[in-house]
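Student: Got coords_38.cif for you, mmCIF, C-alpha atoms:
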```cif
data_entry
#
loop_
_atom_site.label_atom_id
_atom_site.label_comp_id
_atom_site.auth_asym_id
_atom_site.auth_seq_id
_atom_site.Cartn_x
_atom_site.Cartn_y
_atom_site.Cartn_z
CA MET A 1 80.74 -34.24 28.14
CA SER A 2 79.56 -30.63 28.15
CA ASP A 3 76.90 -29.42 25.72
CA ALA A 4 78.49 -25.98 25.45
CA PRO A 5 79.89 -25.38 21.96
CA HIS A 6 83.53 -26.26 21.61
CA GLY A 7 84.90 -24.08 18.85
CA LEU A 8 86.88 -26.13 16.33
CA ILE A 9 89.70 -25.29 13.96
CA LEU A 10 88.93 -27.18 10.76
CA VAL A 11 91.23 -27.44 7.74
CA ASN A 12 90.39 -28.64 4.22
CA THR A 13 93.56 -29.04 2.21
CA GLY A 14 95.03 -31.19 -0.58
CA ASN A 15 95.12 -31.03 -4.37
CA GLY A 16 91.64 -32.46 -4.97
CA LYS A 17 88.18 -30.99 -5.42
CA GLY A 18 85.77 -30.33 -2.60
CA LYS A 19 87.78 -28.17 -0.21
CA SER A 20 85.71 -25.00 -0.65
CA THR A 21 82.62 -26.97 -1.65
CA ALA A 22 82.65 -28.89 1.63
CA ALA A 23 83.20 -25.58 3.46
CA PHE A 24 80.06 -24.22 1.79
CA GLY A 25 78.29 -27.44 2.76
CA VAL A 26 79.24 -26.83 6.40
CA ALA A 27 78.11 -23.19 6.10
CA PHE A 28 74.70 -24.32 4.80
CA ARG A 29 74.44 -26.90 7.61
CA ALA A 30 75.38 -24.28 10.20
CA LEU A 31 72.78 -21.86 8.81
CA GLY A 32 70.18 -24.61 9.08
CA GLN A 33 71.07 -24.81 12.78
CA GLY A 34 70.62 -21.08 13.20
CA LEU A 35 74.33 -20.32 13.59
CA THR A 36 75.84 -17.03 12.43
CA VAL A 37 78.28 -17.58 9.60
CA SER A 38 80.70 -15.47 7.61
CA ILE A 39 82.77 -16.59 4.63
CA ILE A 40 85.77 -14.49 3.70
CA GLN A 41 87.28 -14.96 0.27
CA PHE A 42 91.05 -14.63 -0.07
CA ILE A 43 91.33 -15.40 -3.78
CA LYS A 44 89.59 -13.48 -6.52
CA GLY A 45 86.88 -15.18 -8.49
CA LYS A 46 86.85 -18.46 -6.59
CA TRP A 47 83.14 -18.20 -5.84
CA LYS A 48 80.81 -19.16 -8.60
CA THR A 49 77.31 -18.20 -9.65
CA GLY A 50 75.75 -21.30 -8.14
CA GLU A 51 76.84 -20.89 -4.55
CA LEU A 52 76.55 -17.10 -4.68
CA GLU A 53 72.91 -17.41 -5.71
CA THR A 54 72.09 -19.99 -3.02
CA ALA A 55 73.97 -17.95 -0.42
CA ARG A 56 71.98 -14.87 -1.44
CA ARG A 57 68.70 -16.77 -1.03
CA LEU A 58 69.74 -17.87 2.45
CA GLY A 59 71.21 -14.55 3.52
CA LEU A 60 74.68 -16.05 4.04
CA GLU A 61 77.37 -13.39 4.60
CA MET A 62 80.09 -13.66 1.97
CA ILE A 63 82.89 -11.13 1.88
CA PRO A 64 85.06 -11.03 -1.25
CA MET A 65 88.43 -9.66 -0.09
CA GLY A 66 90.52 -11.21 -2.86
CA LYS A 67 89.71 -8.45 -5.35
CA GLY A 68 92.92 -8.00 -7.32
CA PHE A 69 94.58 -11.10 -5.93
CA THR A 70 94.68 -13.87 -8.50
CA TRP A 71 96.87 -16.85 -9.21
CA GLU A 72 98.58 -14.88 -11.97
CA SER A 73 99.15 -11.58 -10.21
CA LYS A 74 102.61 -10.10 -10.54
CA ASN A 75 102.32 -7.09 -8.22
CA ILE A 76 103.65 -8.46 -4.93
CA GLU A 77 103.32 -5.25 -2.91
CA GLU A 78 99.72 -4.71 -3.97
CA ASP A 79 98.86 -8.35 -3.25
CA LYS A 80 100.43 -8.14 0.16
CA ALA A 81 98.48 -5.00 1.01
CA LEU A 82 95.22 -6.62 -0.14
CA MET A 83 95.86 -9.73 1.90
CA THR A 84 96.82 -7.72 4.98
CA GLN A 85 93.49 -5.95 4.66
CA ALA A 86 91.63 -9.23 4.14
CA TRP A 87 93.23 -10.67 7.24
CA ALA A 88 92.37 -7.53 9.25
CA VAL A 89 88.70 -8.03 8.37
CA ALA A 90 88.89 -11.76 9.12
CA SER A 91 90.68 -11.44 12.44
CA GLU A 92 88.31 -8.74 13.66
CA LYS A 93 85.41 -11.10 12.97
CA ILE A 94 87.14 -14.09 14.56
CA LEU A 95 87.80 -12.18 17.77
CA SER A 96 84.45 -10.32 17.84
CA ALA A 97 82.28 -13.14 19.24
CA ARG A 98 79.56 -12.08 16.78
CA TYR A 99 79.98 -15.26 14.72
CA ASP A 100 79.68 -18.98 15.38
CA LEU A 101 81.51 -20.05 12.22
CA ILE A 102 84.00 -18.17 10.09
CA ILE A 103 85.32 -19.68 6.88
CA LEU A 104 88.62 -18.39 5.53
CA ASP A 105 88.35 -19.55 1.95
CA GLU A 106 91.72 -20.18 0.24
CA ILE A 107 93.69 -18.56 3.06
CA ASN A 108 96.21 -21.43 3.00
CA TYR A 109 97.41 -20.21 -0.36
CA VAL A 110 97.98 -16.73 1.05
CA LEU A 111 99.82 -18.13 4.07
CA GLY A 112 101.99 -20.22 1.79
CA TYR A 113 103.09 -17.03 0.02
CA GLY A 114 103.93 -15.41 3.34
CA TYR A 115 101.57 -12.49 2.68
CA VAL A 116 100.06 -12.96 6.11
CA PRO A 117 102.33 -14.36 8.85
CA VAL A 118 101.27 -17.84 9.98
CA ASP A 119 102.18 -17.01 13.58
CA GLU A 120 99.80 -14.07 13.57
CA VAL A 121 96.96 -16.27 12.32
CA ILE A 122 97.75 -18.90 14.95
CA GLY A 123 97.80 -16.23 17.66
CA THR A 124 94.38 -14.94 16.60
CA LEU A 125 92.91 -18.44 16.38
CA GLN A 126 94.18 -19.22 19.86
CA SER A 127 92.76 -15.97 21.30
CA ARG A 128 89.28 -16.41 19.82
CA PRO A 129 86.13 -16.80 21.93
CA SER A 130 85.82 -20.48 22.83
CA HIS A 131 82.59 -21.10 20.90
CA VAL A 132 83.92 -19.86 17.54
CA HIS A 133 84.55 -22.41 14.79
CA VAL A 134 87.06 -21.43 12.10
CA MET A 135 87.52 -23.34 8.86
CA LEU A 136 90.58 -22.73 6.66
CA THR A 137 90.68 -24.00 3.09
CA GLY A 138 93.27 -24.25 0.35
CA ARG A 139 96.17 -26.37 -0.81
CA ASN A 140 99.31 -26.78 1.25
CA ALA A 141 97.99 -25.88 4.70
CA PRO A 142 101.02 -24.67 6.69
CA GLU A 143 102.33 -27.10 9.31
CA GLY A 144 101.73 -24.62 12.12
CA ILE A 145 98.04 -24.46 11.24
CA VAL A 146 97.74 -28.25 10.94
CA SER A 147 99.39 -28.67 14.33
CA ILE A 148 96.82 -26.50 16.16
CA ALA A 149 93.83 -27.76 14.13
CA ASP A 150 91.22 -30.11 15.57
CA CYS A 151 90.17 -31.54 12.23
CA VAL A 152 92.26 -31.78 9.07
CA THR A 153 91.04 -33.41 5.88
CA GLU A 154 93.10 -33.84 2.77
CA MET A 155 91.10 -33.81 -0.45
CA ARG A 156 93.23 -35.92 -2.77
CA GLU A 157 92.71 -35.95 -6.52
CA ILE A 158 92.38 -39.49 -7.86
CA LYS A 159 90.77 -38.50 -11.17
CA HIS A 160 89.81 -35.12 -12.59
CA PRO A 161 87.57 -34.46 -15.62
CA TYR A 162 89.78 -31.62 -16.92
CA ARG A 163 92.48 -34.18 -17.57
CA LYS A 164 90.12 -35.87 -20.03
CA GLY A 165 89.42 -32.53 -21.70
CA ILE A 166 85.89 -32.19 -20.30
CA PRO A 167 85.07 -28.50 -19.76
CA ALA A 168 83.78 -27.17 -16.43
CA GLN A 169 80.08 -27.97 -16.00
CA ARG A 170 77.44 -25.42 -14.92
CA GLY A 171 75.99 -26.32 -11.52
CA ILE A 172 78.82 -28.74 -10.78
CA ASP A 173 81.99 -26.72 -11.20
CA PHE A 174 80.45 -23.24 -11.05
CA MET B 1 84.40 -27.29 -26.85
CA SER B 2 80.62 -27.67 -26.79
CA ASP B 3 78.48 -25.77 -24.31
CA ALA B 4 75.97 -28.62 -24.01
CA PRO B 5 76.08 -30.18 -20.56
CA HIS B 6 78.35 -33.18 -20.33
CA GLY B 7 76.97 -35.35 -17.53
CA LEU B 8 79.70 -36.35 -15.10
CA ILE B 9 80.13 -39.32 -12.81
CA LEU B 10 81.62 -37.91 -9.62
CA VAL B 11 82.84 -39.93 -6.65
CA ASN B 12 83.68 -38.75 -3.13
CA THR B 13 85.36 -41.50 -1.20
CA GLY B 14 87.99 -42.02 1.53
CA ASN B 15 87.95 -42.25 5.33
CA GLY B 16 87.87 -38.49 6.00
CA LYS B 17 85.15 -35.93 6.56
CA GLY B 18 83.52 -33.94 3.78
CA LYS B 19 82.30 -36.62 1.36
CA SER B 20 78.58 -36.01 1.90
CA THR B 21 79.16 -32.40 2.94
CA ALA B 22 80.84 -31.60 -0.37
CA ALA B 23 78.00 -33.42 -2.16
CA PHE B 24 75.54 -31.13 -0.39
CA GLY B 25 77.74 -28.18 -1.38
CA VAL B 26 77.48 -29.24 -5.03
CA ALA B 27 73.70 -29.68 -4.63
CA PHE B 28 73.38 -26.14 -3.28
CA ARG B 29 75.57 -24.81 -6.11
CA ALA B 30 73.49 -26.69 -8.70
CA LEU B 31 70.26 -25.32 -7.20
CA GLY B 32 71.71 -21.82 -7.46
CA GLN B 33 72.18 -22.49 -11.17
CA GLY B 34 68.57 -23.60 -11.54
CA LEU B 35 69.37 -27.28 -12.00
CA THR B 36 66.99 -30.02 -10.83
CA VAL B 37 68.56 -32.07 -8.07
CA SER B 38 67.65 -35.16 -6.10
CA ILE B 39 69.58 -36.66 -3.20
CA ILE B 40 68.90 -40.26 -2.30
CA GLN B 41 70.02 -41.50 1.08
CA PHE B 42 71.25 -45.08 1.34
CA ILE B 43 72.15 -45.08 5.03
CA LYS B 44 69.74 -44.32 7.85
CA GLY B 45 70.23 -41.18 9.88
CA LYS B 46 73.18 -39.81 7.96
CA TRP B 47 71.43 -36.49 7.28
CA LYS B 48 71.44 -34.01 10.07
CA THR B 49 69.19 -31.22 11.23
CA GLY B 50 71.36 -28.53 9.68
CA GLU B 51 71.32 -29.63 6.07
CA LEU B 52 67.75 -30.92 6.27
CA GLU B 53 66.59 -27.48 7.40
CA THR B 54 68.55 -25.63 4.68
CA ALA B 55 67.37 -28.14 2.05
CA ARG B 56 63.79 -27.60 3.17
CA ARG B 57 64.17 -23.83 2.83
CA LEU B 58 65.51 -24.27 -0.70
CA GLY B 59 63.05 -26.96 -1.75
CA LEU B 60 65.82 -29.50 -2.40
CA GLU B 61 64.47 -33.01 -2.98
CA MET B 62 65.87 -35.44 -0.42
CA ILE B 63 64.70 -39.03 -0.37
CA PRO B 64 65.56 -41.09 2.71
CA MET B 65 65.65 -44.70 1.50
CA GLY B 66 67.94 -46.03 4.21
CA LYS B 67 65.15 -46.43 6.75
CA GLY B 68 66.07 -49.61 8.63
CA PHE B 69 69.54 -49.85 7.17
CA THR B 70 72.19 -48.82 9.69
CA TRP B 71 75.81 -49.61 10.33
CA GLU B 72 74.76 -52.03 13.05
CA SER B 73 71.91 -53.86 11.31
CA LYS B 74 71.95 -57.64 11.62
CA ASN B 75 69.04 -58.56 9.35
CA ILE B 76 70.75 -59.17 6.02
CA GLU B 77 67.66 -60.14 4.04
CA GLU B 78 65.73 -57.09 5.19
CA ASP B 79 68.71 -54.83 4.43
CA LYS B 80 69.10 -56.29 0.99
CA ALA B 81 65.40 -55.77 0.22
CA LEU B 82 65.58 -52.15 1.42
CA MET B 83 68.64 -51.44 -0.66
CA THR B 84 67.14 -53.08 -3.74
CA GLN B 85 64.17 -50.76 -3.31
CA ALA B 86 66.44 -47.74 -2.80
CA TRP B 87 68.34 -48.56 -5.96
CA ALA B 88 65.09 -49.03 -7.90
CA VAL B 89 64.07 -45.48 -6.94
CA ALA B 90 67.53 -44.13 -7.75
CA SER B 91 67.91 -45.85 -11.11
CA GLU B 92 64.44 -44.75 -12.24
CA LYS B 93 65.44 -41.16 -11.52
CA ILE B 94 68.84 -41.50 -13.18
CA LEU B 95 67.28 -42.83 -16.39
CA SER B 96 64.25 -40.52 -16.35
CA ALA B 97 65.91 -37.36 -17.73
CA ARG B 98 63.89 -35.34 -15.20
CA TYR B 99 67.00 -34.47 -13.19
CA ASP B 100 70.27 -32.68 -13.89
CA LEU B 101 72.06 -33.99 -10.81
CA ILE B 102 71.39 -37.05 -8.70
CA ILE B 103 73.39 -37.70 -5.56
CA LEU B 104 73.57 -41.27 -4.26
CA ASP B 105 74.61 -40.60 -0.69
CA GLU B 106 76.58 -43.45 0.94
CA ILE B 107 75.84 -45.85 -1.90
CA ASN B 108 79.47 -47.01 -1.94
CA TYR B 109 78.91 -48.65 1.41
CA VAL B 110 75.93 -50.56 0.03
CA LEU B 111 77.89 -51.63 -3.05
CA GLY B 112 80.72 -52.81 -0.83
CA TYR B 113 78.29 -55.12 0.95
CA GLY B 114 77.08 -56.49 -2.36
CA TYR B 115 73.47 -55.52 -1.60
CA VAL B 116 73.22 -53.89 -5.02
CA PRO B 117 75.35 -55.37 -7.82
CA VAL B 118 78.08 -52.97 -8.98
CA ASP B 119 77.61 -54.10 -12.58
CA GLU B 120 73.96 -53.11 -12.48
CA VAL B 121 74.85 -49.63 -11.20
CA ILE B 122 77.52 -49.25 -13.88
CA GLY B 123 75.03 -50.33 -16.54
CA THR B 124 72.49 -47.77 -15.41
CA LEU B 125 75.11 -45.01 -15.20
CA GLN B 126 76.26 -45.80 -18.72
CA SER B 127 72.68 -45.80 -20.08
CA ARG B 128 71.70 -42.46 -18.53
CA PRO B 129 70.75 -39.38 -20.58
CA SER B 130 73.96 -37.60 -21.52
CA HIS B 131 73.27 -34.41 -19.51
CA VAL B 132 72.74 -36.17 -16.17
CA HIS B 133 75.39 -35.76 -13.48
CA VAL B 134 75.56 -38.49 -10.83
CA MET B 135 77.57 -38.21 -7.62
CA LEU B 136 78.31 -41.27 -5.49
CA THR B 137 79.59 -40.91 -1.94
CA GLY B 138 80.92 -43.21 0.74
CA ARG B 139 84.06 -45.03 1.80
CA ASN B 140 85.65 -47.71 -0.35
CA ALA B 141 84.23 -46.80 -3.74
CA PRO B 142 84.30 -50.03 -5.78
CA GLU B 143 86.98 -50.21 -8.46
CA GLY B 144 84.42 -50.62 -11.23
CA ILE B 145 82.80 -47.32 -10.27
CA VAL B 146 86.15 -45.53 -10.01
CA SER B 147 87.13 -46.82 -13.45
CA ILE B 148 84.07 -45.31 -15.19
CA ALA B 149 84.04 -42.10 -13.11
CA ASP B 150 85.12 -38.73 -14.52
CA CYS B 151 86.07 -37.26 -11.17
CA VAL B 152 87.20 -39.11 -8.07
CA THR B 153 88.27 -37.40 -4.87
CA GLU B 154 89.57 -39.16 -1.80
CA MET B 155 88.80 -37.37 1.46
CA ARG B 156 91.63 -38.49 3.69
CA GLU B 157 91.54 -38.07 7.46
CA ILE B 158 94.66 -36.37 8.75
CA LYS B 159 93.19 -35.34 12.11
CA HIS B 160 89.74 -35.84 13.61
CA PRO B 161 88.32 -34.09 16.71
CA TYR B 162 86.65 -37.27 18.01
CA ARG B 163 90.09 -38.72 18.58
CA LYS B 164 90.73 -35.91 21.05
CA GLY B 165 87.42 -36.65 22.79
CA ILE B 166 85.67 -33.54 21.46
CA PRO B 167 81.95 -34.29 21.00
CA ALA B 168 80.13 -33.60 17.71
CA GLN B 169 79.35 -29.89 17.35
CA ARG B 170 75.96 -28.48 16.38
CA GLY B 171 76.09 -26.76 13.01
CA ILE B 172 79.43 -28.35 12.15
CA ASP B 173 78.87 -32.07 12.54
CA PHE B 174 75.07 -32.08 12.48
#
```
Kindly return the structure encoded in the file as structure tokens.
Tutor:
Amino acid sequence: MSDAPHGLILVNTGNGKGKSTAAFGVAFRALGQGLTVSIIQFIKGKWKTGELETARRLGLEMIPMGKGFTWESKNIEEDKALMTQAWAVASEKILSARYDLIILDEINYVLGYGYVPVDEVIGTLQSRPSHVHVMLTGRNAPEGIVSIADCVTEMREIKHPYRKGIPAQRGIDF
Amino acid sequence: MSDAPHGLILVNTGNGKGKSTAAFGVAFRALGQGLTVSIIQFIKGKWKTGELETARRLGLEMIPMGKGFTWESKNIEEDKALMTQAWAVASEKILSARYDLIILDEINYVLGYGYVPVDEVIGTLQSRPSHVHVMLTGRNAPEGIVSIADCVTEMREIKHPYRKGIPAQRGIDF
């Protein structure tokens, strides 16, 4: 088999913990291998102090595009405009050949809402330079994305501390 | 609710990718929050260049205890002795109160083989200082561990690139 990089489409989905956390783990691994990495955030406030601080120390590029877009937002037109802009930034990077790994954090959620057309994302992924890895995270990955992906993992919640009333823990949850 | 840390037992199990990777993600998040972290390796060669290099840069404590213990090992007595030693190191750290987070990487596999008694691990976990988080990774988490855990996530393989004959990719898989 060839040693040339074979760019992968990787998807972390499901209702459990670890989707974005594992994506950060891959980003840190890739950095350790000298790869160029960008993480683009599609949902406001998903990134926490802990990973932001470690990313800063390592010089990991993190682009928060989710600004006003939250789980509770009511302004559909504004959200759609924000997400269109986020996708424009992401797709430029994916096609640019400047990166080895691009993580689209929580994009599945945005796709599920139809704010960015799934077909457009698929088209961009399929046109990317062959060495570029792209990882998409978030619940309910669209079927079209799953079908073109090389690697799909479902993080399934078996038990969650919030259900026992335990508050989020510093360094673990944020 | 109290702001004092509530030490969690966290389990990443299942046949999919991301169990150890998400554990590393949590370690990097915890480091960013100034927590003291140790990762103890129960299986030889599981850690790859990428995360080792990033961990080195960040000064993350990683203790490879799996030396001769591999998936293919045939020497049961030697394996058992190695794993007993690994657990002795791990349990001392868990009980010591010197750490905020201790990751027992691939310990589930060892417990499944009966090389370390599950009851002993449960006893140690239940006797630990109350602020200490412990994360256990590996397939087939024993029921006893799941039952005392606060958070259990199953990483389920939906699609895997190896099945398509794509070799492991630098920066993604290692």
Student: For this structure, which residues satisfy the selection - the PyMOL selection byres ((chain A and resi 95-101) around 9) - when it is evaluated on the file as given? I want them as a list in words.
Tutor: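 Residues picked by the PyMOL selection byres ((chain A and resi 95-101) around 9): Gly7, Ala27, Ala30, Leu35, Thr36, Val37, Ser38, Ile39, Ala90, Ser91, Glu92, Lys93, Ile94, Ile102, Ile103, Thr124, Leu125, Ser127, Arg128, Pro129, Ser130, His131, Val132, His133, Val134 and Met135 of chain A; Gly171 and Ile172 of chain B.
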Student: Would you save the residues from that selection as a PDB file, in the coordinates of the input, using C-alpha atoms?
Tutor:
```
ATOM      1  CA  GLY A   7      84.900 -24.080  18.850  1.00  0.00           C
ATOM      2  CA  ALA A  27      78.110 -23.190   6.100  1.00  0.00           C
ATOM      3  CA  ALA A  30      75.380 -24.280  10.200  1.00  0.00           C
ATOM      4  CA  LEU A  35      74.330 -20.320  13.590  1.00  0.00           C
ATOM      5  CA  THR A  36      75.840 -17.030  12.430  1.00  0.00           C
ATOM      6  CA  VAL A  37      78.280 -17.580   9.600  1.00  0.00           C
ATOM      7  CA  SER A  38      80.700 -15.470   7.610  1.00  0.00           C
ATOM      8  CA  ILE A  39      82.770 -16.590   4.630  1.00  0.00           C
ATOM      9  CA  ALA A  90      88.890 -11.760   9.120  1.00  0.00           C
ATOM     10  CA  SER A  91      90.680 -11.440  12.440  1.00  0.00           C
ATOM     11  CA  GLU A  92      88.310  -8.740  13.660  1.00  0.00           C
ATOM     12  CA  LYS A  93      85.410 -11.100  12.970  1.00  0.00           C
ATOM     13  CA  ILE A  94      87.140 -14.090  14.560  1.00  0.00           C
ATOM     14  CA  ILE A 102      84.000 -18.170  10.090  1.00  0.00           C
ATOM     15  CA  ILE A 103      85.320 -19.680   6.880  1.00  0.00           C
ATOM     16  CA  THR A 124      94.380 -14.940  16.600  1.00  0.00           C
ATOM     17  CA  LEU A 125      92.910 -18.440  16.380  1.00  0.00           C
ATOM     18  CA  SER A 127      92.760 -15.970  21.300  1.00  0.00           C
ATOM     19  CA  ARG A 128      89.280 -16.410  19.820  1.00  0.00           C
ATOM     20  CA  PRO A 129      86.130 -16.800  21.930  1.00  0.00           C
ATOM     21  CA  SER A 130      85.820 -20.480  22.830  1.00  0.00           C
ATOM     22  CA  HIS A 131      82.590 -21.100  20.900  1.00  0.00           C
ATOM     23  CA  VAL A 132      83.920 -19.860  17.540  1.00  0.00           C
ATOM     24  CA  HIS A 133      84.550 -22.410  14.790  1.00  0.00           C
ATOM     25  CA  VAL A 134      87.060 -21.430  12.100  1.00  0.00           C
ATOM     26  CA  MET A 135      87.520 -23.340   8.860  1.00  0.00           C
TER      27      MET A 135
ATOM     28  CA  GLY B 171      76.090 -26.760  13.010  1.00  0.00           C
ATOM     29  CA  ILE B 172      79.430 -28.350  12.150  1.00  0.00           C
TER      30      ILE B 172
END
```
Student: In Å, rounded to a single decimal, give me how far CA of Lys48 (chain B) is from CA of Thr54 (chain A).
Tutor: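 We find that CA of Thr54 (chain A) and CA of Lys48 (chain B) lie 19.2 Å from each other.
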Student: Can you write out as CSV which residues of chain A fall within 8 Å of chain B, alongside each residue's closest atom pair and its distance in Å to one decimal, counting all atoms listed in the file and ordering rows by chain and ascending residue number?
Tutor:
```
residue,atom,partner,partner_atom,distance
A:Met1,CA,B:Pro167,CA,7.2
A:Pro5,CA,B:Gln169,CA,6.5
A:His6,CA,B:Gln169,CA,7.0
A:Gly16,CA,B:Thr153,CA,6.0
A:Lys17,CA,B:Thr153,CA,6.4
A:Gly18,CA,B:Ala22,CA,5.6
A:Lys19,CA,B:Ala22,CA,7.7
A:Thr21,CA,B:Gly25,CA,5.0
A:Ala22,CA,B:Ala22,CA,3.8
A:Ala23,CA,B:Ala22,CA,7.5
A:Phe24,CA,B:Gly25,CA,5.6
A:Gly25,CA,B:Gly25,CA,4.2
A:Val26,CA,B:Ile172,CA,6.0
A:Phe28,CA,B:Thr54,CA,6.3
A:Arg29,CA,B:Gly50,CA,4.1
A:Ala30,CA,B:Gly171,CA,3.8
A:Leu31,CA,B:Gly50,CA,6.9
A:Gly32,CA,B:Gly50,CA,4.1
A:Gln33,CA,B:Gly50,CA,4.9
A:Gly34,CA,B:Gly171,CA,7.9
A:Leu35,CA,B:Gly171,CA,6.7
A:Thr49,CA,B:Gln33,CA,6.9
A:Gly50,CA,B:Arg29,CA,4.1
A:Glu51,CA,B:Arg29,CA,4.4
A:Leu52,CA,B:Gly32,CA,7.3
A:Glu53,CA,B:Gly32,CA,4.9
A:Thr54,CA,B:Gly32,CA,4.8
A:Ala149,CA,B:Lys159,CA,7.9
A:Asp150,CA,B:Pro161,CA,5.1
A:Cys151,CA,B:His160,CA,4.5
A:Val152,CA,B:Lys159,CA,4.8
A:Thr153,CA,B:Glu157,CA,4.9
A:Glu154,CA,B:Arg156,CA,5.0
A:Met155,CA,B:Met155,CA,4.6
A:Arg156,CA,B:Glu154,CA,5.0
A:Glu157,CA,B:Thr153,CA,5.0
A:Ile158,CA,B:Val152,CA,5.2
A:Lys159,CA,B:Val152,CA,4.8
A:His160,CA,B:Cys151,CA,4.5
A:Pro161,CA,B:Asp150,CA,5.0
A:Lys164,CA,B:Asp150,CA,8.0
A:Ile166,CA,B:His6,CA,7.6
A:Pro167,CA,B:Met1,CA,7.2
A:Gln169,CA,B:Pro5,CA,6.5
A:Arg170,CA,B:Gln33,CA,7.1
A:Gly171,CA,B:Ala30,CA,3.8
A:Ile172,CA,B:Val26,CA,5.9
A:Phe174,CA,B:Arg29,CA,7.1
```
Student: So that I have them on file, write out the residues from the current selection with C-alpha atoms, as a short mmCIF file (atom, residue, chain, number, x, y, z; two decimals), in the coordinates of the input.
Tutor:
```cif
data_model
loop_
_atom_site.label_atom_id
_atom_site.label_comp_id
_atom_site.auth_asym_id
_atom_site.auth_seq_id
_atom_site.Cartn_x
_atom_site.Cartn_y
_atom_site.Cartn_z
CA MET A 1 80.74 -34.24 28.14
CA PRO A 5 79.89 -25.38 21.96
CA HIS A 6 83.53 -26.26 21.61
CA GLY A 16 91.64 -32.46 -4.97
CA LYS A 17 88.18 -30.99 -5.42
CA GLY A 18 85.77 -30.33 -2.60
CA LYS A 19 87.78 -28.17 -0.21
CA THR A 21 82.62 -26.97 -1.65
CA ALA A 22 82.65 -28.89 1.63
CA ALA A 23 83.20 -25.58 3.46
CA PHE A 24 80.06 -24.22 1.79
CA GLY A 25 78.29 -27.44 2.76
CA VAL A 26 79.24 -26.83 6.40
CA PHE A 28 74.70 -24.32 4.80
CA ARG A 29 74.44 -26.90 7.61
CA ALA A 30 75.38 -24.28 10.20
CA LEU A 31 72.78 -21.86 8.81
CA GLY A 32 70.18 -24.61 9.08
CA GLN A 33 71.07 -24.81 12.78
CA GLY A 34 70.62 -21.08 13.20
CA LEU A 35 74.33 -20.32 13.59
CA THR A 49 77.31 -18.20 -9.65
CA GLY A 50 75.75 -21.30 -8.14
CA GLU A 51 76.84 -20.89 -4.55
CA LEU A 52 76.55 -17.10 -4.68
CA GLU A 53 72.91 -17.41 -5.71
CA THR A 54 72.09 -19.99 -3.02
CA ALA A 149 93.83 -27.76 14.13
CA ASP A 150 91.22 -30.11 15.57
CA CYS A 151 90.17 -31.54 12.23
CA VAL A 152 92.26 -31.78 9.07
CA THR A 153 91.04 -33.41 5.88
CA GLU A 154 93.10 -33.84 2.77
CA MET A 155 91.10 -33.81 -0.45
CA ARG A 156 93.23 -35.92 -2.77
CA GLU A 157 92.71 -35.95 -6.52
CA ILE A 158 92.38 -39.49 -7.86
CA LYS A 159 90.77 -38.50 -11.17
CA HIS A 160 89.81 -35.12 -12.59
CA PRO A 161 87.57 -34.46 -15.62
CA LYS A 164 90.12 -35.87 -20.03
CA ILE A 166 85.89 -32.19 -20.30
CA PRO A 167 85.07 -28.50 -19.76
CA GLN A 169 80.08 -27.97 -16.00
CA ARG A 170 77.44 -25.42 -14.92
CA GLY A 171 75.99 -26.32 -11.52
CA ILE A 172 78.82 -28.74 -10.78
CA PHE A 174 80.45 -23.24 -11.05
#
```
Student: Under the rule that only C-alpha atoms are counted, which of B:Ile63, B:Leu136, B:Asp119, B:Ile43 is the nearest residue to Asp79 (chain B)?
Tutor: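 The shortest atom-to-atom distance to Asp79 (chain B) comes from B:Ile43.
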Student: Starting from the shown file, work through the PyMOL selection byres ((chain A and resi 113) around 12) and note down what comes out as a list in words.
Tutor: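 Here the PyMOL selection byres ((chain A and resi 113) around 12) matches Phe69, Trp71, Ile76, Asp79, Lys80, Met83, Glu106, Ile107, Asn108, Tyr109, Val110, Leu111, Gly112, Gly114, Tyr115, Val116, Pro117, Val118, Arg139, Asn140, Ala141 and Pro142 of chain A.
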Student: Calculate how many Å separate CA of Val121 (chain B) from CA of Trp87 (chain B), rounding to one decimal.
Tutor: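 Going from CA of Val121 (chain B) over to CA of Trp87 (chain B) covers 8.4 Å.
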Student: How many Å separate CA of Ala88 (chain B) from CA of Glu143 (chain B)?
Tutor: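 Between CA of Ala88 (chain B) and CA of Glu143 (chain B) the gap is 21.9 Å.
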Student: Could the centre and edge lengths of an axis-aligned box, enclosing all atoms of region 131-149 of chain B in the file with 8 Å extra on each side, be given in Å to one decimal as JSON?
Tutor:
```
{"center_x": 79.9, "center_y": -42.5, "center_z": -8.9, "size_x": 30.4, "size_y": 32.2, "size_z": 37.3}
```
Student: Once the PyMOL selection byres ((chain A and resi 41) around 9) has been applied to the shown file, what residues remain in the selection, as an MDAnalysis selection string?
Tutor: chainID A and resid 39:40 42:47 62:67 86 103:107
